[in-house]
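**Q** Please find one structure pasted underneath; my questions will follow.
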Amino acid sequence: MASKHAYKLFFLMQSTVFLALLMYYCYTPHPTMSHHCKQQASIKAFDVVSLWRKKNARGPLSNCTFNDIMNRPGVVLLTTTNLGFLDMTINMLESIKKIGICVYTVIVAEDKNVYRYLRRRTEIDPAIHVEMTDSGEVQSDLVMSTDHHRYFSLLKKRQGYILSLLDQNLEVLFTDSDTFWFQDPLPYFQGDFDMSMMDPRSPYPTRTNKSHYCAGFAYFKPTTVTIQFVKKWITFMEGNDYMDQSVMNKLLRADQPVHVNIKPLDIKLFPPGPKFYEFLERNASYSAVVMHAASIHGHDAKVRRFKSSNMWLVNKTSDELVALEHSLNV
């Protein structure tokens with residue numbers, strides 16, 4: 001009986017401390033925060049009131065509880081989406097849920113339709129926080145890579161979101177929505193480094209002058225070096241239609257503004273789309289940790305590929321998902 005009472009007391013103290021830390025991160029200004037970058041794109045990692053209200057719930061979208069996400073304090077999974085890729089985002093979240101990974105997740109909605117849909121889906125989900133972008137709404141349709149201005153404008157907002165979380169002293173795993181998770185990737189981000197990414201052009205784990213890291217699945221630690229680098233990355237792209245990944249690699253190769261300690265990810269474990277299917281053809285039992293459907297161009301082509309390997313877990317289109325959720329809430 002005494003041990004039960006002690007456990008309850010310990011849990012209450014632990015929860016109180018955790019929420020106090022969340023409140024600190026939410027409401028305390030951090031000295032590294034760039035006011036200029038905040039105007040570009042910023043997000044708040046936690047809604048303390050909402051999180052406290054959800055603390056006894058099991059998330060319908062994540063299948064995680066407040067206790068589950070407390071096991072990974074200081075780490076945030078970040079992704080962005082709009083209506084064109086909502087179904088892809090849900091597919092990614094379903095793959096994460098399927099293997100039982102619980103990590104606090106922040107989703108930035110780039111349009112109001114998606115924001116309303118995801119807010120309703122995560123209303124009692126303690127593991128997922130949805131933010132509406134503060135840097136200009138994206139039209140609710142597919143943003144094609146051929147529409148360079150809109151496409152690059154969407155891509156270069158991500159660094160502002162990443163920086164705002166780093167400035168809250170959080171470790172950030174940024175992922176594009178066109179990923180599929182087979183295993184927990186977080187154990188691969190242990191050790192002393194600034195950033196961690198996959199490089200398809202260099203033999204793992206060597207970093208060469210030909211290295212070209214993938215920005216669509218990347219881990220950022222809130223080191224002074226990382227924050228300096230991300231700020232430079234943002235300022236370099238301001239007013240220009242540059243591919244964010246190309247700019248990132250140009251700066252990394254030039255050690256601008258500082259040398260970044262990068263922990264490479266093994267391409268066999270974190271393959272891009274074409275490489276994943278190449279490995280799968282050679283070995284039917286091949287298993288990755290996370291597959292990123294980069295280099296499979298276009299939403300529909302990605303969906304076809306996912307379906308061909310039984311990796312499509314959503315039975316509705318983005319428009320159908322939004323319409324169904326709306327009909328249930330009128």
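Residues are named by chain letter and number: chains run A, B, ... in the order of the structure tokens, numbers start at 1 in each chain, and ligands are numbered from 1 in the order shown.
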Step one, run DSSP on the backbone; step two, keep only residues of region 44-268 of chain A assigned to strand (DSSP E); then write them as a ChimeraX atom specification.
**A** /A:75-81,105-109,128-132,171-175,179-181,195-198,217-220,262-265
**Q** Can you write out the residues you just picked, keeping C-alpha atoms, as a short mmCIF file (atom, residue, chain, number, x, y, z; two decimals), in the first residue's frame?
**A**
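Wrote it out as part_22.cif, contents follow:
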data_model
loop_
_atom_site.label_atom_id
_atom_site.label_comp_id
_atom_site.auth_asym_id
_atom_site.auth_seq_id
_atom_site.Cartn_x
_atom_site.Cartn_y
_atom_site.Cartn_z
CA VAL A 75 12.57 15.42 -28.64
CA VAL A 76 10.01 16.59 -31.19
CA LEU A 77 9.01 15.01 -34.49
CA LEU A 78 8.17 17.80 -36.94
CA THR A 79 6.36 17.62 -40.25
CA THR A 80 4.33 19.96 -42.46
CA THR A 81 1.40 19.31 -44.75
CA THR A 105 4.76 15.25 -32.84
CA VAL A 106 4.19 18.76 -34.18
CA ILE A 107 2.36 19.09 -37.50
CA VAL A 108 2.33 22.47 -39.22
CA ALA A 109 -0.76 22.85 -41.39
CA ILE A 128 0.21 15.26 -31.56
CA HIS A 129 0.07 19.04 -31.61
CA VAL A 130 -1.22 20.82 -34.73
CA GLU A 131 -0.18 24.39 -35.55
CA MET A 132 -1.48 26.66 -38.30
CA GLU A 171 15.96 18.19 -30.50
CA VAL A 172 14.08 18.07 -33.80
CA LEU A 173 13.52 15.14 -36.12
CA PHE A 174 12.15 16.72 -39.28
CA THR A 175 10.45 14.40 -41.72
CA THR A 179 8.07 8.60 -45.49
CA PHE A 180 7.13 5.13 -44.26
CA TRP A 181 8.40 3.86 -40.93
CA MET A 195 22.88 17.17 -37.44
CA SER A 196 22.19 13.70 -38.83
CA MET A 197 21.09 12.90 -42.40
CA MET A 198 21.43 10.38 -45.21
CA PHE A 217 14.56 13.35 -43.10
CA ALA A 218 17.00 15.05 -40.76
CA TYR A 219 17.78 15.23 -37.06
CA PHE A 220 18.85 18.53 -35.50
CA ILE A 262 27.13 15.51 -39.26
CA LYS A 263 26.29 11.97 -38.26
CA PRO A 264 25.55 10.11 -41.51
CA LEU A 265 22.68 7.65 -41.77
#
**Q** Out of region 63-107 of chain A, which residues get alpha helix (DSSP H) from DSSP, as a PyMOL selection string?
**A** chain A and resi 66-70+86-98
**Q** For region 312-317 of chain A, list every protein, DNA or RNA residue within 8 Å, evaluated using only C-alpha atoms, and leave out those in the same chain fewer than 6 positions away; present the list as a list of chain:residue names.
**A** A:Asp87, A:Ile90, A:Asn91, A:Glu94, A:Ser95, A:Val303, A:Phe306
**Q** Which distance in Å separates CA of Lys157 (chain A) and CA of Glu238 (chain A), to one decimal?
**A**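 Computing the Euclidean distance for CA of Lys157 (chain A) and CA of Glu238 (chain A) yields 10.1 Å.
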**Q** From the options A:Asp255, A:Asp167, A:Glu123, A:Glu320, which residue's atoms come nearest to Leu61 (chain A), counting only C-alpha atoms?
**A**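 Ranked by minimum distance to Leu61 (chain A), first place goes to A:Glu123.
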**Q** So, counting only C-alpha atoms, which residue among A:Lys268, A:Arg121, A:Lys231, A:His259 is closest to Asp199 (chain A)?
**A**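 Once distances to Asp199 (chain A) are computed over only C-alpha atoms, the minimum belongs to A:Lys268.
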**Q** CA of Gln168 (chain A) to CA of Val225 (chain A): how many Å, to one decimal?
**A**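 Between these atoms lies a distance of 15.1 Å.
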**Q** Would you kindly return, as a VMD selection string, each protein, DNA or RNA residue with an atom no farther than 12 Å from any atom of Asp300 (chain A), considering only C-alpha atoms and excluding same-chain residues fewer than 4 positions away?
**A** chain A and resid 84 to 85 87 to 88 142 144 178 293 296 304 to 307 312 317 to 318
**Q** Go ahead and write the residues just picked, C-alpha atoms, as a compact mmCIF listing (two decimals), in the first residue's frame.
**A**
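part-v1.txt, written as the output of this step:
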# COMPACT_ATOMS: atom_id res chain seq x y z
CA GLY A 84 -2.44 18.03 -51.47
CA PHE A 85 -0.42 15.76 -49.18
CA ASP A 87 -3.42 11.55 -47.21
CA MET A 88 0.34 11.01 -47.40
CA LEU A 142 -1.05 19.97 -54.83
CA MET A 144 3.85 20.74 -58.00
CA ASP A 178 6.25 10.90 -47.88
CA ALA A 293 9.97 8.38 -51.16
CA ILE A 296 9.71 9.27 -56.78
CA ARG A 304 1.17 3.89 -56.58
CA ARG A 305 4.58 2.81 -55.31
CA PHE A 306 3.38 2.57 -51.72
CA LYS A 307 0.39 0.51 -52.81
CA TRP A 312 -0.52 2.40 -48.28
CA THR A 317 -8.18 10.65 -50.71
CA SER A 318 -7.31 13.91 -48.98
**Q** What does the distance from CA of Gln190 (chain A) to CA of Ser202 (chain A) come to in Å, to one decimal?
**A**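 Between CA of Gln190 (chain A) and CA of Ser202 (chain A) the gap works out to 21.4 Å.
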**Q** When you count only C-alpha atoms, which of these residues is closest to Ser177 (chain A): A:Arg72, A:His292, A:Lys221, A:Arg207?
**A**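 Counting only C-alpha atoms, the residue closest to Ser177 (chain A) is A:His292.
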**Q** Please identify all polymer residues within 12 Å of Asn209 (chain A), counting only C-alpha atoms, omitting same-chain residues fewer than 5 positions from it, and present them as a list in words.
**A** Asp199, Arg201, Ser202, Pro203, Asn249, Lys250, Leu251, Leu252, Arg253, Ala254 and Asp255 of chain A
**Q** Hey, which of A:Asn71, A:Thr208, A:Asn63, A:Gln159 ends up closest to Asp125 (chain A)? Count only C-alpha atoms.
**A** A:Asn63
